[in-house]
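Q: start_5.cif is the file, holding mmCIF, C-alpha atoms and all ligand atoms:
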```
data_structure
loop_
_atom_site.group_PDB
_atom_site.id
_atom_site.type_symbol
_atom_site.label_atom_id
_atom_site.label_comp_id
_atom_site.auth_asym_id
_atom_site.auth_seq_id
_atom_site.Cartn_x
_atom_site.Cartn_y
_atom_site.Cartn_z
ATOM 1 C CA MET O 1 92.072 109.441 132.454
ATOM 2 C CA LYS O 2 89.247 108.176 130.218
ATOM 3 C CA ALA O 3 89.517 108.177 126.433
ATOM 4 C CA VAL O 4 87.171 107.583 123.521
ATOM 5 C CA ILE O 5 88.406 106.003 120.301
ATOM 6 C CA SER O 6 85.920 106.532 117.524
ATOM 7 C CA GLY O 7 85.361 105.243 114.032
ATOM 8 C CA SER O 8 82.887 103.417 111.884
ATOM 9 C CA PHE O 9 84.732 100.072 112.192
ATOM 10 C CA ASP O 10 83.079 98.639 109.071
ATOM 11 C CA PRO O 11 84.661 96.227 109.786
ATOM 12 C CA ILE O 12 87.180 96.444 112.638
ATOM 13 C CA THR O 13 90.668 95.537 111.315
ATOM 14 C CA ARG O 14 93.888 94.408 113.002
ATOM 15 C CA GLY O 15 95.060 98.022 112.542
ATOM 16 C CA HIS O 16 92.202 99.228 114.737
ATOM 17 C CA VAL O 17 92.867 96.463 117.288
ATOM 18 C CA ASP O 18 96.522 97.542 117.460
ATOM 19 C CA ILE O 19 95.543 101.168 118.177
ATOM 20 C CA ILE O 20 92.945 100.060 120.760
ATOM 21 C CA CYS O 21 95.519 97.827 122.569
ATOM 22 C CA ARG O 22 98.060 100.626 122.661
ATOM 23 C CA ALA O 23 95.509 103.208 123.873
ATOM 24 C CA ASP O 24 94.407 100.694 126.532
ATOM 25 C CA ARG O 25 97.942 100.853 127.956
ATOM 26 C CA LEU O 26 97.954 104.669 127.995
ATOM 27 C CA PHE O 27 94.593 105.429 129.607
ATOM 28 C CA ASP O 28 92.719 104.175 132.673
ATOM 29 C CA GLU O 29 89.541 103.545 130.716
ATOM 30 C CA LEU O 30 88.762 103.384 127.021
ATOM 31 C CA VAL O 31 85.411 103.493 125.242
ATOM 32 C CA VAL O 32 85.271 102.417 121.596
ATOM 33 C CA GLY O 33 82.581 104.606 120.005
ATOM 34 C CA VAL O 34 81.071 102.974 116.929
ATOM 35 C CA ALA O 35 79.755 105.717 114.661
ATOM 36 C CA VAL O 36 76.831 105.633 112.262
ATOM 37 C CA ASN O 37 78.389 104.755 108.914
ATOM 38 C CA SER O 38 77.643 107.362 106.285
ATOM 39 C CA ALA O 39 79.566 105.443 103.564
ATOM 40 C CA LYS O 40 77.261 104.253 100.784
ATOM 41 C CA ASN O 41 79.274 101.052 100.386
ATOM 42 C CA GLY O 42 78.965 99.994 104.044
ATOM 43 C CA ILE O 43 78.704 96.255 104.769
ATOM 44 C CA PHE O 44 77.776 95.709 108.406
ATOM 45 C CA SER O 45 74.867 97.167 110.404
ATOM 46 C CA MET O 46 75.520 99.140 113.595
ATOM 47 C CA GLU O 47 74.566 96.077 115.663
ATOM 48 C CA GLU O 48 76.934 93.803 113.718
ATOM 49 C CA ARG O 49 79.800 96.317 113.945
ATOM 50 C CA VAL O 50 79.320 96.727 117.713
ATOM 51 C CA ASP O 51 79.249 92.902 118.137
ATOM 52 C CA LEU O 52 82.441 92.478 116.088
ATOM 53 C CA VAL O 53 84.253 95.220 118.046
ATOM 54 C CA GLU O 54 83.087 93.607 121.312
ATOM 55 C CA ALA O 55 84.473 90.247 120.185
ATOM 56 C CA ALA O 56 87.803 91.889 119.277
ATOM 57 C CA VAL O 57 88.209 93.601 122.682
ATOM 58 C CA ALA O 58 86.886 90.688 124.766
ATOM 59 C CA GLY O 59 90.279 90.214 126.466
ATOM 60 C CA MET O 60 90.594 93.878 127.479
ATOM 61 C CA PRO O 61 88.651 94.469 130.716
ATOM 62 C CA ARG O 62 89.050 98.271 130.747
ATOM 63 C CA VAL O 63 87.674 98.680 127.219
ATOM 64 C CA SER O 64 83.950 99.106 126.573
ATOM 65 C CA VAL O 65 82.006 99.547 123.334
ATOM 66 C CA ALA O 66 79.033 101.825 122.611
ATOM 67 C CA PRO O 67 77.254 103.224 119.543
ATOM 68 C CA VAL O 68 77.722 106.943 118.755
ATOM 69 C CA GLU O 69 74.565 108.486 117.366
ATOM 70 C CA GLY O 70 75.126 112.251 117.301
ATOM 71 C CA LEU O 71 78.185 114.467 117.633
ATOM 72 C CA LEU O 72 81.320 112.736 118.902
ATOM 73 C CA VAL O 73 81.952 115.567 121.411
ATOM 74 C CA ASP O 74 78.470 115.039 122.927
ATOM 75 C CA PHE O 75 79.195 111.304 123.204
ATOM 76 C CA CYS O 76 82.492 112.105 124.978
ATOM 77 C CA ALA O 77 80.665 114.418 127.428
ATOM 78 C CA ASP O 78 78.034 111.725 128.130
ATOM 79 C CA GLN O 79 80.809 109.186 128.747
ATOM 80 C CA GLY O 80 82.805 111.586 130.952
ATOM 81 C CA ALA O 81 85.810 111.156 128.630
ATOM 82 C CA ASP O 82 88.722 113.629 128.637
ATOM 83 C CA VAL O 83 90.425 112.682 125.387
ATOM 84 C CA ILE O 84 89.673 111.460 121.852
ATOM 85 C CA VAL O 85 92.172 108.954 120.432
ATOM 86 C CA ARG O 86 92.577 108.467 116.692
ATOM 87 C CA GLY O 87 95.024 106.427 114.653
ATOM 88 C CA LEU O 88 97.239 108.069 112.033
ATOM 89 C CA ARG O 89 98.159 106.017 108.969
ATOM 90 C CA PHE O 90 100.669 106.765 106.229
ATOM 91 C CA GLY O 91 99.614 109.456 103.826
ATOM 92 C CA GLY O 92 96.149 110.909 103.845
ATOM 93 C CA ASP O 93 94.928 110.742 107.461
ATOM 94 C CA PHE O 94 96.809 113.734 108.800
ATOM 95 C CA ASP O 95 94.931 116.641 107.176
ATOM 96 C CA TYR O 96 91.530 115.226 108.051
ATOM 97 C CA GLU O 97 92.517 114.323 111.611
ATOM 98 C CA LEU O 98 93.988 117.785 112.215
ATOM 99 C CA GLN O 99 90.772 119.434 111.018
ATOM 100 C CA MET O 100 88.620 117.180 113.213
ATOM 101 C CA ALA O 101 90.910 117.683 116.219
ATOM 102 C CA HIS O 102 90.667 121.484 115.887
ATOM 103 C CA LEU O 103 86.908 121.399 115.306
ATOM 104 C CA ASN O 104 86.278 119.141 118.306
ATOM 105 C CA LYS O 105 88.577 121.287 120.458
ATOM 106 C CA SER O 106 86.696 124.460 119.457
ATOM 107 C CA MET O 107 83.296 122.886 120.047
ATOM 108 C CA SER O 108 83.964 121.374 123.454
ATOM 109 C CA GLY O 109 87.538 121.933 124.632
ATOM 110 C CA ILE O 110 88.328 118.207 124.311
ATOM 111 C CA GLU O 111 91.867 117.263 123.249
ATOM 112 C CA THR O 112 92.693 114.660 120.578
ATOM 113 C CA VAL O 113 95.651 112.302 120.848
ATOM 114 C CA LEU O 114 96.880 110.910 117.514
ATOM 115 C CA LEU O 115 98.665 107.568 117.732
ATOM 116 C CA PRO O 116 100.858 106.511 114.812
ATOM 117 C CA ALA O 117 99.586 103.373 113.091
ATOM 118 C CA GLY O 118 101.593 100.231 113.829
ATOM 119 C CA ARG O 119 104.262 99.540 111.185
ATOM 120 C CA GLU O 120 102.550 96.365 110.042
ATOM 121 C CA TYR O 121 99.142 97.964 109.770
ATOM 122 C CA GLY O 122 99.651 101.462 108.397
ATOM 123 C CA THR O 123 98.251 100.702 104.974
ATOM 124 C CA ILE O 124 95.145 98.740 106.004
ATOM 125 C CA SER O 125 91.785 100.449 105.847
ATOM 126 C CA SER O 126 88.253 99.166 106.320
ATOM 127 C CA SER O 127 87.412 100.339 102.798
ATOM 128 C CA VAL O 128 90.079 98.175 101.087
ATOM 129 C CA ILE O 129 88.979 95.228 103.236
ATOM 130 C CA ARG O 130 85.344 95.794 102.161
ATOM 131 C CA SER O 131 86.294 96.044 98.542
ATOM 132 C CA ALA O 132 88.540 92.945 98.532
ATOM 133 C CA ALA O 133 86.117 90.800 100.557
ATOM 134 C CA SER O 134 83.075 91.766 98.504
ATOM 135 C CA ASN O 135 84.977 90.592 95.417
ATOM 136 C CA GLY O 136 85.834 87.221 96.945
ATOM 137 C CA GLY O 137 89.322 88.003 98.326
ATOM 138 C CA ASP O 138 90.735 86.371 101.452
ATOM 139 C CA VAL O 139 91.445 89.174 103.923
ATOM 140 C CA SER O 140 91.805 86.998 107.028
ATOM 141 C CA GLU O 141 95.410 88.147 107.566
ATOM 142 C CA PHE O 142 94.194 91.694 108.205
ATOM 143 C CA VAL O 143 91.119 91.262 110.399
ATOM 144 C CA PRO O 144 90.238 89.538 113.686
ATOM 145 C CA GLU O 145 88.948 85.959 113.313
ATOM 146 C CA ALA O 146 85.316 86.850 114.057
ATOM 147 C CA VAL O 147 85.410 89.448 111.256
ATOM 148 C CA ALA O 148 86.875 86.937 108.788
ATOM 149 C CA ARG O 149 84.019 84.560 109.671
ATOM 150 C CA ALA O 150 81.401 87.308 109.335
ATOM 151 C CA LEU O 151 82.803 88.291 105.924
ATOM 152 C CA ARG O 152 82.676 84.675 104.722
ATOM 153 C CA ALA O 153 79.042 84.472 105.872
ATOM 154 C CA LYS O 154 78.180 87.733 104.081
ATOM 155 C CA PHE O 155 80.098 86.899 100.900
ATOM 156 C CA PRO O 156 80.044 83.115 100.403
ATOM 157 C CA THR O 157 82.501 83.476 97.502
ATOM 158 C CA VAL O 158 85.267 84.653 99.881
ATOM 159 C CA ARG O 159 88.204 82.210 99.528
ATOM 160 C CA GLU O 160 89.692 80.613 102.631
HETATM 161 P P1 LIG H 201 86.325 106.674 110.009
HETATM 162 O O1 LIG H 201 85.126 105.971 109.489
HETATM 163 O O2 LIG H 201 86.054 107.783 110.977
HETATM 164 O O3 LIG H 201 87.396 106.978 108.986
HETATM 165 P P2 LIG H 201 87.599 104.224 110.709
HETATM 166 O O4 LIG H 201 86.691 103.186 111.293
HETATM 167 O O5 LIG H 201 88.074 103.988 109.326
HETATM 168 O O6 LIG H 201 86.967 105.624 110.940
HETATM 169 O O7 LIG H 201 88.863 104.410 111.641
HETATM 170 C C1 LIG H 201 88.755 104.828 112.979
HETATM 171 C C2 LIG H 201 90.085 105.293 113.509
HETATM 172 O O8 LIG H 201 91.037 104.250 113.365
HETATM 173 C C3 LIG H 201 90.675 106.473 112.729
HETATM 174 O O9 LIG H 201 91.389 107.254 113.644
HETATM 175 C C4 LIG H 201 91.611 105.844 111.751
HETATM 176 O O10 LIG H 201 92.662 106.708 111.393
HETATM 177 C C5 LIG H 201 92.133 104.692 112.590
HETATM 178 N N1 LIG H 201 92.595 103.600 111.762
HETATM 179 C C6 LIG H 201 91.956 103.017 110.746
HETATM 180 N N2 LIG H 201 92.697 102.023 110.199
HETATM 181 C C7 LIG H 201 93.846 101.999 110.915
HETATM 182 C C8 LIG H 201 95.053 101.235 110.834
HETATM 183 N N3 LIG H 201 95.205 100.320 109.886
HETATM 184 N N4 LIG H 201 96.030 101.490 111.737
HETATM 185 C C9 LIG H 201 95.862 102.450 112.661
HETATM 186 N N5 LIG H 201 94.767 103.228 112.783
HETATM 187 C C10 LIG H 201 93.779 102.999 111.917
#
```
As structure tokens, please, write out the structure in this file.
Ligand code: ADP

A:
Amino acid sequence: MKAVISGSFDPITRGHVDIICRADRLFDELVVGVAVNSAKNGIFSMEERVDLVEAAVAGMPRVSVAPVEGLLVDFCADQGADVIVRGLRFGGDFDYELQMAHLNKSMSGIETVLLPAGREYGTISSSVIRSAASNGGDVSEFVPEAVARALRAKFPTVRE
């Protein structure tokens, strides 16, 4: 079975990598769909986000990465994917994910599988990483090495 895991990955965190690794064990093929980022406080361009996700999944041969430009369900149909995978963190994710799962199911019949966030990563979000890094914080514990490097290049005040 082929699955799509979608998100804006601005930037990809160790929480995302954990979900991707676990989904990789559950499905035959996995496509990481990098969505256009509608957040006003985005940091990385689509090209940079795709490159950073590719670096993070380099050791996973069944995982591919592609940009998502329109509706996620259309992307899934183009990819021939049967399932959408999303991670579920503590607190606020559930209501939103349930709405999206129902909407995507109504629009195309596709099912969504929600994987619980890893215990170590359930409170990490790309938005707190963006906010800490842009103010000079060292977030290297929470992101893959290539992301830590890219953040230091973008914000030279980031401490090591
Ligand atoms: P979006 O921009 O759609 O919110 P994100 O890039 O923030 O997407 O996240 C993509 C997916 O990864 C979502 O399903 C989200 O719940 C999940 N996710 C984000 N951070 C974590 C984490 N720390 N642990 C597990 N799943 C996560």

Q: Name the residues captured by the PyMOL selection byres (((not hetatm)) within 7 of (chain H and resi 201)) when it is applied to the shown file; answer as a VMD selection string.

A: chain O and resid 6 to 10 12 to 16 18 to 19 37 86 to 89 93 116 to 118 121 to 126

Q: Quick one, how far is CA of His102 in chain O from CA of Val85 in chain O?

A: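 So the two atoms, CA of His102 in chain O and CA of Val85 in chain O, lie 13.4 Å apart.
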
Q: Given only C-alpha atoms as the basis, pick out the residue of O:Leu103, O:Met60, O:Ile110, O:Val143 nearest to Ile84 in chain O.

A: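 Once distances to Ile84 in chain O are computed over only C-alpha atoms, the minimum belongs to O:Ile110.
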
Q: Please determine, counting only C-alpha atoms, which residue among O:Val31, O:Ala58, O:Leu98, O:Val147 has the shortest atom-to-atom distance to Glu111 in chain O.

A: O:Leu98

Q: Pick out the closest residue to Val128 in chain O from this set: O:Asn41, O:Arg49, O:Lys2, O:Arg62. Count all atoms listed in the file.

A: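 Among O:Asn41, O:Arg49, O:Lys2, O:Arg62, it is O:Asn41 that comes nearest to Val128 in chain O.
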
Q: How far is it from CA of Ile129 in chain O to CA of Glu54 in chain O, in Å with one decimal?

A: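 It comes out at 19.1 Å.
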
Q: Determine the nearest neighbour of Asp51 in chain O from the options O:Ala146, O:Ala101, O:Ala133, O:Val113, counting all atoms listed in the file.

A: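 Closest to Asp51 in chain O, using all atoms listed in the file: O:Ala146.
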
Q: Can you tell me, as a PyMOL selection string, what residues are no more than 7 Å from Leu30 in chain O when counting all atoms listed in the file, ignoring any on the same chain fewer than 5 positions away?

A: chain O and resi 2-4+24+62-64

Q: Please report the interatomic distance between CA of Gly42 in chain O and CA of Arg149 in chain O in Å with one decimal.

A: 17.2 Å
